[in-house]
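This report refers to the structure that appears directly beneath it.
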Amino acid sequence: MEHEFRGYALVLHEGADPRTGGVAIAGFTTAGMVGVIAASHIIKSLNLQQLGTVLNAEFPAVALIHDEVPKHPVRVYQGDKIGVFTSEIRFKDKQDIMFASTVLEWFTKGGFSKLIIVDGLVRQSPDDTTGPGLFGVASIEETRNALHKLGIESIKRGVVAGIAGYLLAEGHRRGLDVTALLAECNPTFPDPKAAATAIEAITEITGLELSLHELLEQAHQFDANLREALEARMAKLPAPEDIDYDNQ
């Protein structure tokens, strides 16, 4: 029996044609903001044009300012054989299925052949300095084999939660080519280094030419600023008092 949840309203700009085909990429504001950082970088790198906005009365009334231009937080961008769905605000868990259903409707109506979701995976060892690990999960066997050939580690057993998890499961049920790239990240701060790791994998999977220089520079500057802030905080802490244990 066919069953589909109806998603939120995707309001297209006047004259916009949603059918571009090719690869669809989705990034949301989750752990480490990995998805939204990656999506924003791809939009900027490929100079994609905004095609539409996702609207709902339950969304917060907020405008995000980009280069002096106010925008709604949930938007879609498309170009030649490429589309990006992004949300720059974290929403409630109970809205995940509706968001995922909106992405699927955009994906199918756009005639895309492949959907890649970029998400953050909370790093088990926060002090690990080896760089973000990357895991891939795919809904169809052909893409799973392709990920193996690229050396992207798979998740043999576990749980992928949220929007990415629903999209993977629904992709498997409906025979759609859906892949989740999960980059290990620090959940406390935005993690552009993890986003760069995911984008590097996207270039290998799709053949898209996406420069990582600017994103890696942001990651380096962010690390430097964070270290500077931590050092300044440590410098303000009072020195430990001398204790005469003999008189205790």
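Each chain in the structure tokens gets a letter, A, B, ..., in the order shown, and its residues are numbered from 1; ligands are numbered from 1 in order too.
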
DSSP strand (DSSP E or B) selection over range 29-219 of chain A, as an MDAnalysis selection string: chainID A and resid 49:55 64:66 69:71 74:79 82:87 112:122 134:138 153:154 178:185

message: If we count only C-alpha atoms and set the cut-off at 7 Å, which residues sit around range 40-57 of chain A, ignoring sequence neighbours fewer than 2 positions away in its own chain? Please answer as a ChimeraX atom specification.
response: /A:8-13,16,36-38,59,72,74-79,210

Selection near Gly32 in chain A, 12 Å with only C-alpha atoms, sequence-local residues under 4 positions removed, as a compact mmCIF listing (two decimals) with all heavy atoms, in the first residue's frame:
```txt
# COMPACT_ATOMS: atom_id res chain seq x y z
N GLY A 27 21.26 19.86 3.76
CA GLY A 27 22.03 20.10 4.97
C GLY A 27 21.22 20.89 5.96
O GLY A 27 20.61 21.91 5.61
N PHE A 28 21.18 20.42 7.21
CA PHE A 28 20.34 21.04 8.23
C PHE A 28 21.18 21.48 9.42
O PHE A 28 22.36 21.15 9.54
CB PHE A 28 19.26 20.06 8.67
CG PHE A 28 18.44 19.52 7.54
CD1 PHE A 28 18.73 18.28 6.98
CD2 PHE A 28 17.41 20.26 7.00
CE1 PHE A 28 17.99 17.80 5.91
CE2 PHE A 28 16.66 19.79 5.94
CZ PHE A 28 16.96 18.56 5.39
N VAL A 36 24.52 22.39 7.53
CA VAL A 36 24.22 23.73 7.02
C VAL A 36 25.49 24.44 6.55
O VAL A 36 25.46 25.21 5.57
CB VAL A 36 23.48 24.57 8.09
CG1 VAL A 36 24.37 24.97 9.23
CG2 VAL A 36 22.83 25.80 7.46
N ILE A 37 26.63 24.17 7.19
CA ILE A 37 27.89 24.75 6.72
C ILE A 37 28.24 24.20 5.34
O ILE A 37 28.63 24.94 4.43
CB ILE A 37 29.03 24.47 7.72
CG1 ILE A 37 28.80 25.22 9.03
CG2 ILE A 37 30.38 24.88 7.13
CD1 ILE A 37 29.78 24.86 10.14
N ALA A 38 28.09 22.89 5.18
CA ALA A 38 28.38 22.27 3.89
C ALA A 38 27.45 22.79 2.81
O ALA A 38 27.88 23.12 1.70
CB ALA A 38 28.27 20.75 4.01
N ARG A 90 17.54 25.40 13.86
CA ARG A 90 17.20 24.08 14.40
C ARG A 90 15.73 24.05 14.80
O ARG A 90 15.26 24.93 15.52
CB ARG A 90 18.08 23.76 15.62
CG ARG A 90 17.89 22.34 16.14
CD ARG A 90 18.65 22.16 17.44
NE ARG A 90 20.07 22.26 17.26
CZ ARG A 90 20.88 21.24 16.97
NH1 ARG A 90 20.37 20.03 16.86
NH2 ARG A 90 22.17 21.42 16.82
N VAL A 118 23.98 15.67 4.30
CA VAL A 118 25.19 15.87 5.11
C VAL A 118 24.75 16.14 6.54
O VAL A 118 23.91 17.01 6.80
CB VAL A 118 26.03 17.05 4.59
CG1 VAL A 118 27.27 17.24 5.44
CG2 VAL A 118 26.41 16.83 3.13
N ASP A 119 25.32 15.40 7.48
CA ASP A 119 24.92 15.55 8.88
C ASP A 119 26.14 15.38 9.76
O ASP A 119 27.17 14.82 9.35
CB ASP A 119 23.85 14.51 9.24
CG ASP A 119 22.94 14.98 10.36
OD1 ASP A 119 23.28 15.98 11.02
OD2 ASP A 119 21.90 14.34 10.59
N GLY A 120 26.02 15.84 11.00
CA GLY A 120 27.09 15.70 11.97
C GLY A 120 26.88 14.48 12.84
O GLY A 120 25.75 14.11 13.16
N LEU A 121 27.98 13.85 13.21
CA LEU A 121 27.97 12.70 14.11
C LEU A 121 28.84 13.06 15.31
O LEU A 121 30.02 13.37 15.14
CB LEU A 121 28.52 11.47 13.40
CG LEU A 121 28.50 10.15 14.17
CD1 LEU A 121 27.07 9.70 14.42
CD2 LEU A 121 29.26 9.08 13.39
N VAL A 122 28.25 13.07 16.49
CA VAL A 122 28.97 13.51 17.69
C VAL A 122 30.20 12.64 17.91
O VAL A 122 30.11 11.42 18.00
CB VAL A 122 28.07 13.47 18.93
CG1 VAL A 122 28.86 13.87 20.18
CG2 VAL A 122 26.88 14.41 18.75
N ARG A 123 31.35 13.29 17.96
CA ARG A 123 32.62 12.58 18.15
C ARG A 123 32.68 11.97 19.55
O ARG A 123 32.40 12.64 20.54
CB ARG A 123 33.78 13.55 17.94
CG ARG A 123 35.16 12.91 17.95
CD ARG A 123 36.23 13.96 17.67
NE ARG A 123 36.08 14.51 16.33
CZ ARG A 123 36.33 15.79 16.04
NH1 ARG A 123 36.68 16.64 16.97
NH2 ARG A 123 36.20 16.21 14.80
N PRO A 132 38.27 14.77 11.57
CA PRO A 132 36.93 14.16 11.59
C PRO A 132 36.88 12.86 10.80
O PRO A 132 37.37 12.79 9.66
CB PRO A 132 36.06 15.24 10.92
CG PRO A 132 36.87 16.49 10.95
CD PRO A 132 38.30 16.06 10.89
N LEU A 182 27.93 11.19 7.25
CA LEU A 182 27.95 11.58 8.65
C LEU A 182 29.39 11.86 9.06
O LEU A 182 30.21 10.94 9.15
CB LEU A 182 27.35 10.46 9.51
CG LEU A 182 25.99 9.92 9.03
CD1 LEU A 182 25.59 8.71 9.84
CD2 LEU A 182 24.93 11.00 9.10
N ALA A 183 29.69 13.13 9.29
CA ALA A 183 31.04 13.54 9.64
C ALA A 183 31.15 13.75 11.15
O ALA A 183 30.32 14.46 11.74
CB ALA A 183 31.42 14.83 8.91
N GLU A 184 32.16 13.14 11.76
CA GLU A 184 32.36 13.31 13.20
C GLU A 184 32.65 14.77 13.50
O GLU A 184 33.42 15.43 12.79
CB GLU A 184 33.51 12.44 13.68
CG GLU A 184 33.18 10.96 13.73
CD GLU A 184 34.30 10.16 14.36
OE1 GLU A 184 35.47 10.48 14.09
OE2 GLU A 184 34.00 9.22 15.12
N CYS A 185 32.04 15.28 14.57
CA CYS A 185 32.17 16.70 14.86
C CYS A 185 32.14 16.95 16.36
O CYS A 185 31.76 16.08 17.15
CB CYS A 185 31.05 17.49 14.18
SG CYS A 185 29.40 17.08 14.84
N ASN A 186 32.51 18.16 16.72
CA ASN A 186 32.35 18.65 18.08
C ASN A 186 30.97 19.30 18.16
O ASN A 186 30.72 20.29 17.48
CB ASN A 186 33.43 19.67 18.40
CG ASN A 186 33.40 20.14 19.84
OD1 ASN A 186 32.35 20.14 20.49
ND2 ASN A 186 34.54 20.54 20.36
N PRO A 187 30.06 18.75 18.96
CA PRO A 187 28.69 19.29 18.96
C PRO A 187 28.56 20.64 19.65
O PRO A 187 27.53 21.31 19.53
CB PRO A 187 27.91 18.21 19.73
CG PRO A 187 28.92 17.62 20.66
CD PRO A 187 30.22 17.63 19.90
N THR A 188 29.60 21.06 20.38
CA THR A 188 29.52 22.30 21.15
C THR A 188 29.68 23.53 20.27
O THR A 188 29.11 24.59 20.57
CB THR A 188 30.59 22.31 22.25
OG1 THR A 188 30.52 21.10 23.00
CG2 THR A 188 30.41 23.49 23.18
N PHE A 189 30.44 23.41 19.18
CA PHE A 189 30.76 24.55 18.33
C PHE A 189 30.49 24.20 16.86
O PHE A 189 30.50 23.03 16.48
CB PHE A 189 32.23 24.95 18.48
CG PHE A 189 32.66 25.18 19.90
CD1 PHE A 189 33.39 24.22 20.57
CD2 PHE A 189 32.34 26.36 20.56
CE1 PHE A 189 33.79 24.42 21.88
CE2 PHE A 189 32.73 26.57 21.86
CZ PHE A 189 33.46 25.60 22.53
N PRO A 190 30.31 25.22 16.01
CA PRO A 190 30.25 24.95 14.57
C PRO A 190 31.55 24.31 14.12
O PRO A 190 32.63 24.72 14.56
CB PRO A 190 30.07 26.35 13.96
CG PRO A 190 29.48 27.17 15.06
CD PRO A 190 30.07 26.64 16.33
N ASP A 191 31.47 23.30 13.25
CA ASP A 191 32.66 22.53 12.88
C ASP A 191 32.87 22.55 11.37
O ASP A 191 32.48 21.61 10.67
CB ASP A 191 32.50 21.09 13.39
CG ASP A 191 33.82 20.35 13.46
OD1 ASP A 191 34.72 20.69 12.68
OD2 ASP A 191 33.94 19.42 14.29
N PRO A 192 33.50 23.60 10.84
CA PRO A 192 33.73 23.67 9.40
C PRO A 192 34.68 22.59 8.90
O PRO A 192 34.62 22.20 7.73
CB PRO A 192 34.31 25.07 9.19
CG PRO A 192 34.82 25.50 10.53
CD PRO A 192 33.95 24.84 11.54
N LYS A 193 35.57 22.08 9.77
CA LYS A 193 36.49 21.03 9.34
C LYS A 193 35.72 19.75 9.02
O LYS A 193 36.02 19.06 8.04
CB LYS A 193 37.53 20.75 10.44
CG LYS A 193 38.65 19.82 10.00
CD LYS A 193 39.64 19.59 11.13
CE LYS A 193 40.33 20.87 11.53
NZ LYS A 193 41.36 20.64 12.58
N ALA A 194 34.72 19.44 9.83
CA ALA A 194 33.88 18.27 9.56
C ALA A 194 33.09 18.46 8.27
O ALA A 194 32.93 17.53 7.48
CB ALA A 194 32.94 18.01 10.73
N ALA A 195 32.59 19.68 8.05
CA ALA A 195 31.87 19.97 6.80
C ALA A 195 32.78 19.79 5.59
O ALA A 195 32.35 19.26 4.56
CB ALA A 195 31.32 21.40 6.84
```

message: as a PyMOL selection string, please: every residue in range 52-168 of chain A that a backbone DSSP assignment puts in alpha helix (DSSP H).
response: chain A and resi 96-109+141-149+162-168

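Distances to Ala169 in chain A were evaluated for A:Ile97, A:Ala24, A:Leu147, A:Ile202 using only C-alpha atoms, and the minimum falls at A:Ile97.
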
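One distance worth recording is that between CA of Glu88 in chain A and CA of Arg157 in chain A, which is 29.9 Å.
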
message: So that I can see what lies close to range 173-178 of chain A, please list as a PyMOL selection string the residues with an atom at most 12 Å from it, counting only C-alpha atoms and leaving out residues fewer than 3 positions away in the same chain.
response: chain A and resi 1-4+22-26+100+103-104+107-108+111-118+136-144+146+164-170+181

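Nearest to Leu215 in chain A of all the residues A:Val160, A:Lys92, A:Arg19, A:Ala198 is A:Ala198, counting only C-alpha atoms.
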